[in-house]
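Dropping data_21.txt in here (compact mmCIF, C-alpha atoms and all ligand atoms):
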# COMPACT_ATOMS: atom_id res chain seq x y z
CA MET A 128 13.59 18.70 -1.55
CA SER A 129 11.01 18.76 1.27
CA ARG A 130 7.96 16.55 0.93
CA ILE A 131 4.39 17.52 1.77
CA GLN A 132 4.07 16.53 5.39
CA GLY A 133 0.90 18.24 6.38
CA ARG A 134 -2.38 19.65 5.18
CA ALA A 135 -4.60 22.29 6.67
CA ASP A 136 -7.41 24.55 5.63
CA VAL A 137 -5.38 27.55 6.76
CA VAL A 138 -1.73 28.09 7.68
CA ILE A 139 -1.04 31.19 9.75
CA VAL A 140 2.47 32.63 9.69
CA GLY A 141 3.24 34.48 12.93
CA GLY A 142 2.27 33.77 16.51
CA GLY A 143 2.14 37.32 17.87
CA VAL A 144 -1.15 38.60 19.19
CA ILE A 145 -2.67 38.98 15.71
CA GLY A 146 -1.79 35.55 14.30
CA SER A 147 -2.80 33.93 17.59
CA ALA A 148 -6.16 35.71 17.56
CA ALA A 149 -6.74 34.71 13.93
CA ALA A 150 -5.96 31.08 14.84
CA TRP A 151 -8.53 31.19 17.65
CA ARG A 152 -11.32 32.69 15.56
CA LEU A 153 -10.68 30.45 12.53
CA ALA A 154 -10.38 27.24 14.53
CA GLU A 155 -13.52 28.12 16.44
CA ARG A 156 -15.33 28.23 13.09
CA GLY A 157 -14.23 24.67 12.42
CA ARG A 158 -11.30 25.38 10.11
CA SER A 159 -8.25 23.17 10.45
CA VAL A 160 -5.48 25.60 11.32
CA VAL A 161 -1.71 25.34 11.65
CA LEU A 162 0.03 28.35 13.20
CA LEU A 163 3.78 28.64 12.62
CA GLU A 164 5.86 30.87 14.90
CA GLN A 165 9.60 31.16 14.38
CA PHE A 166 10.48 31.76 18.05
CA GLY A 167 9.51 30.14 21.36
CA PRO A 168 6.46 30.99 23.50
CA GLY A 169 6.71 34.41 25.18
CA HIS A 170 9.63 35.57 23.00
CA ARG A 171 10.61 39.25 23.06
CA HIS A 172 11.69 39.79 19.43
CA GLY A 173 8.48 41.20 17.96
CA ALA A 174 5.69 43.49 19.10
CA SER A 175 3.46 41.46 21.42
CA HIS A 176 5.55 40.76 24.53
CA GLY A 177 5.59 42.26 28.01
CA SER A 178 3.12 42.81 30.81
CA SER A 179 0.92 45.59 29.46
CA ARG A 180 -0.84 47.24 26.54
CA ILE A 181 -3.44 49.98 26.69
CA TYR A 182 -7.00 48.97 25.97
CA ARG A 183 -9.04 52.10 25.17
CA GLN A 184 -11.98 53.04 23.00
CA ALA A 185 -11.31 56.76 22.51
CA TYR A 186 -10.04 57.44 19.00
CA ASP A 187 -10.41 60.55 16.83
CA GLY A 188 -13.12 58.90 14.73
CA GLU A 189 -15.79 56.26 14.87
CA PHE A 190 -13.90 53.60 12.89
CA TYR A 191 -11.35 52.55 15.51
CA THR A 192 -13.61 53.56 18.41
CA GLY A 193 -16.18 51.09 17.09
CA LEU A 194 -13.62 48.34 16.51
CA ALA A 195 -12.25 48.78 20.04
CA ALA A 196 -15.75 48.53 21.49
CA ARG A 197 -16.30 45.31 19.51
CA ALA A 198 -13.09 43.88 20.99
CA LEU A 199 -14.20 44.18 24.62
CA PRO A 200 -16.73 41.28 24.68
CA LEU A 201 -14.29 39.14 22.69
CA TRP A 202 -11.54 39.71 25.28
CA ARG A 203 -14.06 38.75 27.95
CA ALA A 204 -15.01 35.63 25.95
CA LEU A 205 -11.33 34.70 25.80
CA GLU A 206 -11.09 35.07 29.58
CA ASP A 207 -14.19 32.89 30.05
CA THR A 208 -12.90 30.21 27.68
CA THR A 209 -9.43 29.99 29.19
CA GLY A 210 -10.04 30.97 32.82
CA THR A 211 -7.26 33.57 32.43
CA SER A 212 -7.57 37.22 33.40
CA VAL A 213 -6.16 39.39 30.60
CA LEU A 214 -8.08 42.70 30.71
CA THR A 215 -8.27 45.02 33.72
CA LEU A 216 -10.58 48.01 33.38
CA THR A 217 -9.03 51.03 35.10
CA GLY A 218 -10.56 53.75 32.92
CA ALA A 219 -8.53 55.91 30.55
CA VAL A 220 -7.81 59.62 30.52
CA ASP A 221 -6.75 61.91 27.68
CA HIS A 222 -5.33 65.33 28.47
CA GLY A 223 -3.42 68.08 26.67
CA LEU A 224 -4.41 69.42 23.26
CA PRO A 225 -8.14 70.37 23.48
CA ALA A 226 -8.78 69.47 19.82
CA ALA A 227 -7.62 65.89 20.45
CA LEU A 228 -10.02 65.56 23.37
CA ALA A 229 -12.91 67.07 21.41
CA ALA A 230 -12.47 64.64 18.51
CA LYS A 231 -12.41 61.65 20.84
CA ALA A 232 -15.38 62.84 22.89
CA LYS A 233 -17.32 63.24 19.64
CA ALA A 234 -16.57 59.68 18.51
CA LEU A 235 -17.47 58.25 21.93
CA ALA A 236 -20.72 60.24 21.99
CA ALA A 237 -21.65 59.14 18.47
CA LEU A 238 -21.37 55.50 19.53
CA GLY A 239 -23.08 55.97 22.88
CA ILE A 240 -19.95 55.08 24.87
CA PRO A 241 -19.92 56.54 28.40
CA HIS A 242 -17.41 59.35 28.97
CA GLU A 243 -17.02 62.61 30.88
CA LEU A 244 -14.97 65.80 30.72
CA LEU A 245 -13.32 66.81 33.99
CA ASP A 246 -11.55 69.95 35.09
CA PRO A 247 -7.87 69.51 36.01
CA ALA A 248 -8.43 69.84 39.77
CA GLU A 249 -11.07 67.08 39.83
CA ALA A 250 -8.86 64.80 37.66
CA GLY A 251 -5.90 65.46 39.98
CA ARG A 252 -7.98 64.41 42.99
CA ARG A 253 -8.98 61.15 41.28
CA TRP A 254 -5.56 60.29 39.87
CA PRO A 255 -2.91 61.96 42.06
CA GLY A 256 -0.08 60.22 40.19
CA ILE A 257 -0.60 62.50 37.16
CA ARG A 258 -0.31 66.30 36.90
CA PHE A 259 -3.08 67.84 34.77
CA ASP A 260 -3.15 71.39 33.40
CA THR A 261 -5.98 71.07 30.87
CA ARG A 262 -9.43 69.55 30.84
CA VAL A 263 -9.43 65.77 30.92
CA LEU A 264 -11.49 63.26 28.94
CA HIS A 265 -12.25 60.14 30.96
CA HIS A 266 -13.91 56.98 29.68
CA PRO A 267 -14.35 54.08 32.09
CA ASP A 268 -14.49 51.13 29.65
CA ALA A 269 -10.74 51.17 29.18
CA GLY A 270 -7.65 49.97 30.97
CA ARG A 271 -4.89 47.52 30.30
CA LEU A 272 -4.30 44.13 28.75
CA HIS A 273 -1.62 41.81 30.04
CA ALA A 274 0.28 41.23 26.79
CA ASP A 275 2.06 37.94 27.52
CA ARG A 276 -0.99 36.43 29.18
CA SER A 277 -3.20 37.53 26.25
CA VAL A 278 -1.02 35.83 23.64
CA GLN A 279 -0.76 32.71 25.76
CA ALA A 280 -4.53 32.63 26.32
CA LEU A 281 -5.18 33.09 22.59
CA ASN A 282 -2.85 30.16 21.86
CA HIS A 283 -4.57 28.00 24.45
CA ALA A 284 -8.04 28.94 23.22
CA ALA A 285 -7.02 28.20 19.62
CA ALA A 286 -5.47 24.85 20.57
CA HIS A 287 -8.57 23.98 22.60
CA VAL A 288 -10.67 24.18 19.43
CA GLY A 289 -8.19 22.18 17.41
CA ALA A 290 -5.54 24.58 16.09
CA ASP A 291 -2.06 23.13 15.76
CA ILE A 292 0.26 25.75 17.31
CA ARG A 293 3.92 25.21 16.41
CA HIS A 294 6.69 27.31 17.96
CA ASP A 295 10.34 27.42 16.89
CA ASP A 296 9.25 26.72 13.32
CA VAL A 297 10.47 29.28 10.77
CA VAL A 298 8.58 29.76 7.54
CA ARG A 299 11.14 29.88 4.73
CA GLY A 300 8.80 30.23 1.78
CA ILE A 301 5.22 30.49 0.55
CA ARG A 302 4.21 29.51 -2.95
CA SER A 303 1.02 29.19 -4.96
CA THR A 304 -0.06 25.78 -6.22
CA ALA A 305 -2.89 24.55 -8.42
CA THR A 306 -5.06 23.97 -5.34
CA GLY A 307 -3.99 26.73 -2.97
CA VAL A 308 -0.65 27.36 -1.30
CA GLU A 309 2.33 25.53 0.13
CA VAL A 310 4.11 26.86 3.18
CA VAL A 311 7.68 25.65 3.57
CA THR A 312 9.56 25.42 6.85
CA ASP A 313 12.85 23.65 7.58
CA GLY A 314 12.14 20.12 6.40
CA THR A 315 8.35 20.47 6.22
CA THR A 316 5.92 21.56 3.55
CA ILE A 317 2.31 22.15 4.48
CA ALA A 318 -0.33 22.31 1.77
CA ALA A 319 -3.26 24.59 2.55
CA ALA A 320 -6.22 26.20 0.87
CA HIS A 321 -5.22 29.55 2.35
CA VAL A 322 -2.32 31.29 4.10
CA VAL A 323 -2.63 34.15 6.59
CA VAL A 324 0.50 36.26 6.92
CA ALA A 325 0.57 37.94 10.34
CA ALA A 326 4.33 38.26 10.54
CA GLY A 327 4.67 41.76 12.00
CA ALA A 328 7.98 43.36 11.06
CA TRP A 329 8.90 40.34 8.92
CA THR A 330 5.82 40.62 6.68
CA ARG A 331 7.40 42.69 3.93
CA SER A 332 10.44 40.43 3.40
CA LEU A 333 8.41 37.23 3.69
CA LEU A 334 5.97 38.37 0.99
CA ALA A 335 8.75 39.82 -1.19
CA ASP A 336 10.31 36.35 -1.38
CA ALA A 337 7.01 34.46 -1.79
CA GLN A 338 6.17 32.84 -5.13
CA LEU A 339 2.53 33.80 -5.46
CA ASP A 340 0.18 33.92 -8.43
CA VAL A 341 -1.22 37.23 -7.21
CA VAL A 342 0.96 39.46 -5.04
CA PRO A 343 -0.62 41.55 -2.25
CA GLU A 344 -0.15 45.27 -2.89
CA LEU A 345 1.16 46.32 0.51
CA PRO A 346 1.55 49.92 1.58
CA GLN A 347 5.03 50.89 2.79
CA LEU A 348 5.71 49.16 6.12
CA ARG A 349 8.24 50.97 8.29
CA THR A 350 9.73 49.14 11.27
CA THR A 351 11.00 51.13 14.24
CA GLN A 352 12.55 50.08 17.53
CA GLU A 353 10.53 51.75 20.27
CA GLN A 354 11.53 52.06 23.90
CA PRO A 355 8.93 52.28 26.61
CA ALA A 356 10.17 52.67 30.19
CA HIS A 357 8.84 51.55 33.57
CA PHE A 358 8.96 53.53 36.81
CA VAL A 359 8.23 52.47 40.38
CA PRO A 360 4.88 54.01 41.49
CA ILE A 361 4.54 55.83 44.80
CA VAL A 362 0.75 56.16 44.61
CA ALA A 363 -1.96 53.60 43.72
CA ASP A 364 -4.82 53.89 41.18
CA TRP A 365 -3.50 54.54 37.69
CA PRO A 366 -5.73 54.87 34.66
CA SER A 367 -4.26 54.33 31.23
CA PHE A 368 -3.50 57.77 29.82
CA VAL A 369 -2.51 59.72 26.74
CA HIS A 370 -1.03 63.19 27.09
CA HIS A 371 -1.49 64.81 23.70
CA ARG A 372 1.23 67.11 22.55
CA GLY A 373 0.37 70.81 22.48
CA ALA A 374 -1.19 72.82 25.28
CA GLY A 375 1.32 72.59 28.20
CA LEU A 376 3.29 69.68 26.71
CA THR A 377 6.15 70.45 24.38
CA GLY A 378 7.77 67.68 22.34
CA GLU A 379 6.11 64.34 21.70
CA GLY A 380 2.85 63.10 23.11
CA ILE A 381 3.16 60.44 25.80
CA TYR A 382 1.12 57.35 26.59
CA GLY A 383 1.18 55.55 29.91
CA LEU A 384 -0.46 52.95 32.10
CA GLY A 385 -0.01 50.86 35.21
CA SER A 386 1.37 47.32 34.94
CA GLU A 387 2.87 44.52 36.97
CA ASP A 388 6.28 46.00 36.12
CA GLY A 389 5.47 49.51 37.29
CA ILE A 390 4.12 52.59 35.52
CA LYS A 391 4.95 52.30 31.84
CA ILE A 392 5.29 55.38 29.64
CA GLY A 393 6.44 55.83 26.07
CA GLU A 394 6.54 58.10 23.06
CA HIS A 395 4.53 56.97 20.07
CA GLY A 396 6.59 55.94 17.04
CA THR A 397 9.74 58.01 17.57
CA GLY A 398 12.28 55.17 17.60
CA PRO A 399 14.98 54.53 14.94
CA VAL A 400 14.13 52.64 11.76
CA VAL A 401 15.51 49.09 12.03
CA GLU A 402 15.39 45.66 10.47
CA PRO A 403 14.13 42.97 12.86
CA GLU A 404 17.13 40.70 12.19
CA THR A 405 19.82 43.30 12.85
CA ARG A 406 18.40 45.60 15.53
CA ASP A 407 20.46 46.07 18.69
CA TYR A 408 17.74 45.82 21.40
CA ARG A 409 19.43 48.78 23.14
CA PRO A 410 17.21 51.66 24.30
CA ASP A 411 18.48 55.00 22.97
CA PRO A 412 19.82 56.99 25.99
CA ALA A 413 18.46 60.31 24.67
CA GLY A 414 14.97 58.82 24.39
CA VAL A 415 15.17 57.36 27.90
CA GLU A 416 16.26 60.77 29.22
CA ARG A 417 13.20 62.37 27.61
CA LEU A 418 10.95 59.88 29.43
CA VAL A 419 12.72 60.58 32.76
CA ASP A 420 12.26 64.33 32.16
CA TYR A 421 8.59 63.72 31.38
CA ALA A 422 8.08 61.64 34.54
CA THR A 423 9.80 64.33 36.61
CA ALA A 424 7.58 67.08 35.20
CA TRP A 425 4.23 65.33 34.87
CA LEU A 426 4.07 62.20 37.03
CA PRO A 427 4.34 63.09 40.73
CA GLY A 428 3.20 59.53 41.48
CA VAL A 429 6.40 57.79 40.30
CA ASP A 430 10.04 57.74 41.33
CA PRO A 431 11.82 59.13 38.22
CA SER A 432 15.15 57.64 39.29
CA SER A 433 13.75 54.10 39.08
CA VAL A 434 13.63 54.02 35.25
CA VAL A 435 14.02 50.70 33.42
CA ALA A 436 13.69 50.83 29.62
CA ASP A 437 12.93 48.03 27.14
CA THR A 438 12.58 47.75 23.35
CA CYS A 439 9.77 46.59 21.09
CA LEU A 440 8.93 46.88 17.38
CA TYR A 441 6.38 49.08 15.63
CA THR A 442 5.48 48.23 12.02
CA THR A 443 3.83 51.35 10.72
CA THR A 444 1.91 52.18 7.54
CA PRO A 445 2.03 55.72 6.08
CA ASP A 446 -1.46 56.55 7.44
CA SER A 447 -1.22 54.35 10.59
CA ASN A 448 -4.24 52.37 9.39
CA PHE A 449 -3.82 48.60 9.58
CA VAL A 450 -3.65 46.24 6.59
CA VAL A 451 -6.20 43.44 6.82
CA ASP A 452 -7.07 42.27 3.32
CA ARG A 453 -7.10 39.27 1.04
CA VAL A 454 -5.99 38.56 -2.50
CA GLY A 455 -6.43 35.09 -3.94
CA ASP A 456 -5.45 32.53 -1.30
CA VAL A 457 -3.44 34.99 0.78
CA THR A 458 -4.71 37.16 3.63
CA VAL A 459 -2.38 39.70 5.24
CA ALA A 460 -2.85 41.18 8.71
CA ALA A 461 0.02 43.59 9.33
CA GLY A 462 1.04 47.21 9.79
CA PHE A 463 -0.53 47.60 13.22
CA SER A 464 1.30 50.90 13.62
CA GLY A 465 1.84 50.74 17.37
CA HIS A 466 -1.83 50.53 18.34
CA GLY A 467 -3.03 47.09 17.26
CA PHE A 468 -2.98 44.98 20.41
CA LYS A 469 -6.32 46.09 21.84
CA PHE A 470 -8.12 45.07 18.63
CA ALA A 471 -6.59 41.60 18.26
CA PRO A 472 -9.72 39.43 18.67
CA VAL A 473 -11.68 41.67 16.28
CA ILE A 474 -8.85 41.48 13.76
CA GLY A 475 -9.05 37.71 14.20
CA GLU A 476 -12.73 37.91 13.27
CA LEU A 477 -12.02 40.12 10.25
CA VAL A 478 -9.34 37.68 9.08
CA ALA A 479 -11.73 34.74 9.51
CA ASP A 480 -14.42 36.61 7.52
CA LEU A 481 -11.93 37.21 4.69
CA VAL A 482 -10.73 33.60 4.66
CA ASP A 483 -14.32 32.35 4.70
CA GLY A 484 -15.27 34.78 1.92
CA ARG A 485 -18.02 36.19 4.15
CA SER A 486 -17.04 39.80 3.53
CA ARG A 487 -14.58 42.06 1.80
CA ALA A 488 -11.92 44.02 3.65
CA LEU A 489 -13.01 47.13 5.49
CA GLU A 490 -12.23 50.16 3.32
CA PRO A 491 -9.54 51.79 5.54
CA LEU A 492 -7.71 48.44 5.92
CA ARG A 493 -7.46 47.50 2.24
CA PHE A 494 -4.39 46.86 0.10
CA GLY A 495 -3.59 49.57 -2.42
CA ALA A 496 -5.44 52.87 -2.52
CA ARG A 497 -7.73 53.24 0.45
CA GLN A 498 -9.52 55.88 2.39
CA ALA A 499 -7.49 56.87 5.47
CA VAL A 500 -9.38 57.39 8.73
CA ALA A 501 -8.19 58.85 12.02
CA ALA A 502 -5.91 56.25 13.62
CA ARG A 503 -5.02 57.91 16.95
C1 LIG B 1 6.38 49.62 22.91
C2 LIG B 1 5.05 49.25 22.34
C3 LIG B 1 3.90 49.67 22.99
C4 LIG B 1 2.64 49.35 22.46
N1 LIG B 1 1.53 49.76 23.14
C5 LIG B 1 0.31 49.41 22.69
C6 LIG B 1 -0.83 49.72 23.45
O1 LIG B 1 -0.72 50.28 24.55
N2 LIG B 1 -2.05 49.34 22.96
C7 LIG B 1 -2.18 48.70 21.76
O2 LIG B 1 -3.31 48.42 21.36
N3 LIG B 1 -1.10 48.38 21.02
C8 LIG B 1 0.14 48.71 21.46
N4 LIG B 1 1.25 48.38 20.75
C9 LIG B 1 1.09 47.74 19.45
C10 LIG B 1 0.85 46.26 19.54
O3 LIG B 1 1.64 45.68 20.55
C11 LIG B 1 1.13 45.66 18.16
O4 LIG B 1 0.32 46.34 17.21
C12 LIG B 1 0.85 44.17 18.10
O5 LIG B 1 1.53 43.50 19.13
C13 LIG B 1 1.27 43.63 16.73
O6 LIG B 1 1.16 42.22 16.76
P1 LIG B 1 1.57 41.33 15.51
O7 LIG B 1 1.08 39.97 15.83
O8 LIG B 1 1.14 42.00 14.26
O9 LIG B 1 3.17 41.40 15.48
P2 LIG B 1 4.24 40.54 16.29
O10 LIG B 1 3.91 40.47 17.72
O11 LIG B 1 5.59 41.08 15.94
O12 LIG B 1 4.07 39.08 15.71
C14 LIG B 1 4.57 38.68 14.46
C15 LIG B 1 5.14 37.29 14.67
O13 LIG B 1 5.45 36.71 13.42
C16 LIG B 1 6.56 35.87 13.65
N5 LIG B 1 7.20 35.59 12.37
C17 LIG B 1 7.71 36.50 11.52
N6 LIG B 1 8.24 35.90 10.44
C18 LIG B 1 8.06 34.56 10.62
C19 LIG B 1 8.41 33.44 9.86
N7 LIG B 1 9.07 33.53 8.69
N8 LIG B 1 8.07 32.21 10.33
C20 LIG B 1 7.39 32.08 11.51
N9 LIG B 1 7.07 33.14 12.28
C21 LIG B 1 7.38 34.37 11.84
C22 LIG B 1 7.42 36.69 14.58
O14 LIG B 1 8.40 35.92 15.24
C23 LIG B 1 6.40 37.30 15.50
O15 LIG B 1 6.20 36.52 16.67
C24 LIG B 1 2.53 48.64 21.25
C25 LIG B 1 3.69 48.21 20.61
C26 LIG B 1 4.93 48.48 21.15
C27 LIG B 1 6.16 48.00 20.44
Do you think you could lay out the structure here as structure tokens?
Amino acid sequence: MSRIQGRADVVIVGGGVIGSAAAWRLAERGRSVVLLEQFGPGHRHGASHGSSRIYRQAYDGEFYTGLAARALPLWRALEDTTGTSVLTLTGAVDHGLPAALAAKAKALAALGIPHELLDPAEAGRRWPGIRFDTRVLHHPDAGRLHADRSVQALNHAAAHVGADIRHDDVVRGIRSTATGVEVVTDGTTIAAAHVVVAAGAWTRSLLADAQLDVVPELPQLRTTQEQPAHFVPIVADWPSFVHHRGAGLTGEGIYGLGSEDGIKIGEHGTGPVVEPETRDYRPDPAGVERLVDYATAWLPGVDPSSVVADTCLYTTTPDSNFVVDRVGDVTVAAGFSGHGFKFAPVIGELVADLVDGRSRALEPLRFGARQAVAAR
């Protein structure tokens, strides 16, 4: 029987980008925070590792466009606090399906975010690594985040304001008590007023086994093993980009961006359904071949023979909207559906608001029935 060996205002389960951001925002508000992560720093078993994630503001509606815009000054604040560079603005381009561009341009315009529509020849002159055959939406306040450095900086920033960040510490159970919750790891039980579950692909099983007075009503969370690939560039100057399916592109849409590891491209959410404990970490050859075919057809600025593929987890809700909500002493931040990284510091703020009781969950991010908004 483990004894109570610690107390905190808030225990956070999961040290990916979301749990780390929540730890930073909560600790900065003066809460005593313990963050428990089952693996070591920089591990590659979840969703937050690697050298790059797209940061962009163009979504099909104002909800995520607005959240992404809110994230930008918070990423810059993180850089100022830690002296670490995490966000590089390269601009972002969308091309392909005209309706996808129109919806994004409308959301950017509604929020007063600078953007422009270019013809394919002008876009090709600016970004010779990409072949364009439709009009192109460009917005400059976009680019890439360095994923590993972001998580590390969030951990450092959180620790700097007092958070206790513990790696290699697996949470085995969560249970309600008369005064809050207890979070049980191997040999340790921490009593807290509140628990934040930011456990990515492990969220569903962790909560299914929890002994809670009130159980969060999660939407279905589907975990897939995705496989982005990197290619060696032969030209400089890469924006982050999304090529929307339709128009000249058959098959899946493709996202891409420059990174320290080369030009990364990937399909969005097409990987096999897996469990995090039993997945094989092996990129599917057919999927890799599709990315090589895409690079050959659409990316004159890379060497298609230089492909190196990796794997990473998506945890996706039915409508691709995130889950950031609270019931009783439990807040859940999960289901980031393959597009959550860019928002992490804002999600940290939303979590801190929920824990503090400052506000209710945003409608599209609630447990249970909720209004879906455009999440692409
Ligand atoms: C290939 C790929 C490309 C992507 N591209 C982009 C992009 O360009 N832009 C963008 O914005 N987003 C992108 N995303 C999505 C983004 O990376 C994720 O939404 C985000 O990383 C999710 O973070 P998380 O903290 O929720 O999950 P995770 O990073 O998986 O973190 C959850 C953590 O909880 C820990 N944990 C689980 N159970 C326990 C336990 N019992 N005890 C202790 N710890 C536990 C896990 O070990 C893990 O570290 C991409 C994702 C992938 C896979």
### Task
Name all residues at most 12 Å from Glu416 of chain A (count only C-alpha atoms; drop same-chain ones fewer than 6 positions away) and give them as a list in words.
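So the residues in contact are Gln354, Pro355, Ala356, Gly393, Glu394, Pro410, Ala422, Thr423, Pro431, Ser432, Val434, Val435 and Ala436 of chain A.
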### Query
Counting all atoms listed in the file, which of A:Phe259, A:Phe166, A:Phe358, A:Tyr191 gets nearest to ligand LIG 1 (chain B)?
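Closest candidate: A:Phe166.
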List the neighbours of Ala185 of chain A out to 9 Å using only C-alpha atoms; skip same-chain residues closer than 6 positions along the sequence, and give me the result as a PDB file with C-alpha atoms, in the coordinates of the input.
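Result file is result_8.pdb:
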ATOM      1  CA  TYR A 191     -11.350  52.550  15.510  1.00  0.00           C
ATOM      2  CA  THR A 192     -13.610  53.560  18.410  1.00  0.00           C
ATOM      3  CA  ALA A 195     -12.250  48.780  20.040  1.00  0.00           C
ATOM      4  CA  ALA A 219      -8.530  55.910  30.550  1.00  0.00           C
ATOM      5  CA  ASP A 221      -6.750  61.910  27.680  1.00  0.00           C
ATOM      6  CA  LEU A 228     -10.020  65.560  23.370  1.00  0.00           C
ATOM      7  CA  ALA A 230     -12.470  64.640  18.510  1.00  0.00           C
ATOM      8  CA  LYS A 231     -12.410  61.650  20.840  1.00  0.00           C
ATOM      9  CA  ALA A 232     -15.380  62.840  22.890  1.00  0.00           C
ATOM     10  CA  ALA A 234     -16.570  59.680  18.510  1.00  0.00           C
ATOM     11  CA  LEU A 235     -17.470  58.250  21.930  1.00  0.00           C
ATOM     12  CA  HIS A 266     -13.910  56.980  29.680  1.00  0.00           C
ATOM     13  CA  ALA A 269     -10.740  51.170  29.180  1.00  0.00           C
ATOM     14  CA  ARG A 503      -5.020  57.910  16.950  1.00  0.00           C
TER      15      ARG A 503
END
Please write out the residues within 6 Å of ligand LIG 1 (chain B) as a PDB file with C-alpha atoms, in the frame of the given file, counting all atoms listed in the file.
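Saved as pocket.pdb:
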ATOM      1  CA  VAL A 140       2.470  32.630   9.690  1.00  0.00           C
ATOM      2  CA  GLY A 141       3.240  34.480  12.930  1.00  0.00           C
ATOM      3  CA  GLY A 142       2.270  33.770  16.510  1.00  0.00           C
ATOM      4  CA  GLY A 143       2.140  37.320  17.870  1.00  0.00           C
ATOM      5  CA  VAL A 144      -1.150  38.600  19.190  1.00  0.00           C
ATOM      6  CA  ILE A 145      -2.670  38.980  15.710  1.00  0.00           C
ATOM      7  CA  GLY A 146      -1.790  35.550  14.300  1.00  0.00           C
ATOM      8  CA  LEU A 163       3.780  28.640  12.620  1.00  0.00           C
ATOM      9  CA  GLU A 164       5.860  30.870  14.900  1.00  0.00           C
ATOM     10  CA  GLN A 165       9.600  31.160  14.380  1.00  0.00           C
ATOM     11  CA  PHE A 166      10.480  31.760  18.050  1.00  0.00           C
ATOM     12  CA  GLY A 173       8.480  41.200  17.960  1.00  0.00           C
ATOM     13  CA  ALA A 174       5.690  43.490  19.100  1.00  0.00           C
ATOM     14  CA  SER A 175       3.460  41.460  21.420  1.00  0.00           C
ATOM     15  CA  ARG A 180      -0.840  47.240  26.540  1.00  0.00           C
ATOM     16  CA  ILE A 181      -3.440  49.980  26.690  1.00  0.00           C
ATOM     17  CA  TYR A 182      -7.000  48.970  25.970  1.00  0.00           C
ATOM     18  CA  ASP A 296       9.250  26.720  13.320  1.00  0.00           C
ATOM     19  CA  VAL A 297      10.470  29.280  10.770  1.00  0.00           C
ATOM     20  CA  VAL A 298       8.580  29.760   7.540  1.00  0.00           C
ATOM     21  CA  ARG A 299      11.140  29.880   4.730  1.00  0.00           C
ATOM     22  CA  ALA A 325       0.570  37.940  10.340  1.00  0.00           C
ATOM     23  CA  ALA A 326       4.330  38.260  10.540  1.00  0.00           C
ATOM     24  CA  GLY A 327       4.670  41.760  12.000  1.00  0.00           C
ATOM     25  CA  ALA A 328       7.980  43.360  11.060  1.00  0.00           C
ATOM     26  CA  TRP A 329       8.900  40.340   8.920  1.00  0.00           C
ATOM     27  CA  GLU A 353      10.530  51.750  20.270  1.00  0.00           C
ATOM     28  CA  GLN A 354      11.530  52.060  23.900  1.00  0.00           C
ATOM     29  CA  PRO A 355       8.930  52.280  26.610  1.00  0.00           C
ATOM     30  CA  CYS A 439       9.770  46.590  21.090  1.00  0.00           C
ATOM     31  CA  LEU A 440       8.930  46.880  17.380  1.00  0.00           C
ATOM     32  CA  TYR A 441       6.380  49.080  15.630  1.00  0.00           C
ATOM     33  CA  ALA A 461       0.020  43.590   9.330  1.00  0.00           C
ATOM     34  CA  PHE A 463      -0.530  47.600  13.220  1.00  0.00           C
ATOM     35  CA  SER A 464       1.300  50.900  13.620  1.00  0.00           C
ATOM     36  CA  GLY A 465       1.840  50.740  17.370  1.00  0.00           C
ATOM     37  CA  HIS A 466      -1.830  50.530  18.340  1.00  0.00           C
ATOM     38  CA  GLY A 467      -3.030  47.090  17.260  1.00  0.00           C
ATOM     39  CA  PHE A 468      -2.980  44.980  20.410  1.00  0.00           C
ATOM     40  CA  LYS A 469      -6.320  46.090  21.840  1.00  0.00           C
TER      41      LYS A 469
END
### Query
Which residues come within 7 Å of Leu245 of chain A, counting only C-alpha atoms, excluding same-chain residues fewer than 6 positions away, as a list in words?
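My reading of the contact set: Arg262, Val263 and Leu264 of chain A.
Nearest-residue note for Gly133 of chain A: choosing from A:Asp275, A:Val342, A:Val311, A:Gly380, the minimum distance belongs to A:Val311, counting all atoms listed in the file.
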### Task
Can you work out the spacing between atom CA of Arg203 of chain A and atom CA of Leu489 of chain A in Å, to one decimal?
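These two atoms are separated by 24.0 Å.
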Leaving out Arg493 of chain A and any residue of its chain fewer than 4 positions from it, which residues lie within 10 Å of it when counting all atoms listed in the file, given as a PDB file with C-alpha atoms, keeping the file's coordinate frame?
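After the write, result14.pdb holds the following:
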ATOM      1  CA  GLU A 344      -0.150  45.270  -2.890  1.00  0.00           C
ATOM      2  CA  LEU A 345       1.160  46.320   0.510  1.00  0.00           C
ATOM      3  CA  PRO A 346       1.550  49.920   1.580  1.00  0.00           C
ATOM      4  CA  ASN A 448      -4.240  52.370   9.390  1.00  0.00           C
ATOM      5  CA  PHE A 449      -3.820  48.600   9.580  1.00  0.00           C
ATOM      6  CA  VAL A 450      -3.650  46.240   6.590  1.00  0.00           C
ATOM      7  CA  VAL A 451      -6.200  43.440   6.820  1.00  0.00           C
ATOM      8  CA  ASP A 452      -7.070  42.270   3.320  1.00  0.00           C
ATOM      9  CA  ARG A 453      -7.100  39.270   1.040  1.00  0.00           C
ATOM     10  CA  VAL A 459      -2.380  39.700   5.240  1.00  0.00           C
ATOM     11  CA  ARG A 487     -14.580  42.060   1.800  1.00  0.00           C
ATOM     12  CA  ALA A 488     -11.920  44.020   3.650  1.00  0.00           C
ATOM     13  CA  LEU A 489     -13.010  47.130   5.490  1.00  0.00           C
ATOM     14  CA  ARG A 497      -7.730  53.240   0.450  1.00  0.00           C
ATOM     15  CA  GLN A 498      -9.520  55.880   2.390  1.00  0.00           C
ATOM     16  CA  ALA A 499      -7.490  56.870   5.470  1.00  0.00           C
TER      17      ALA A 499
END
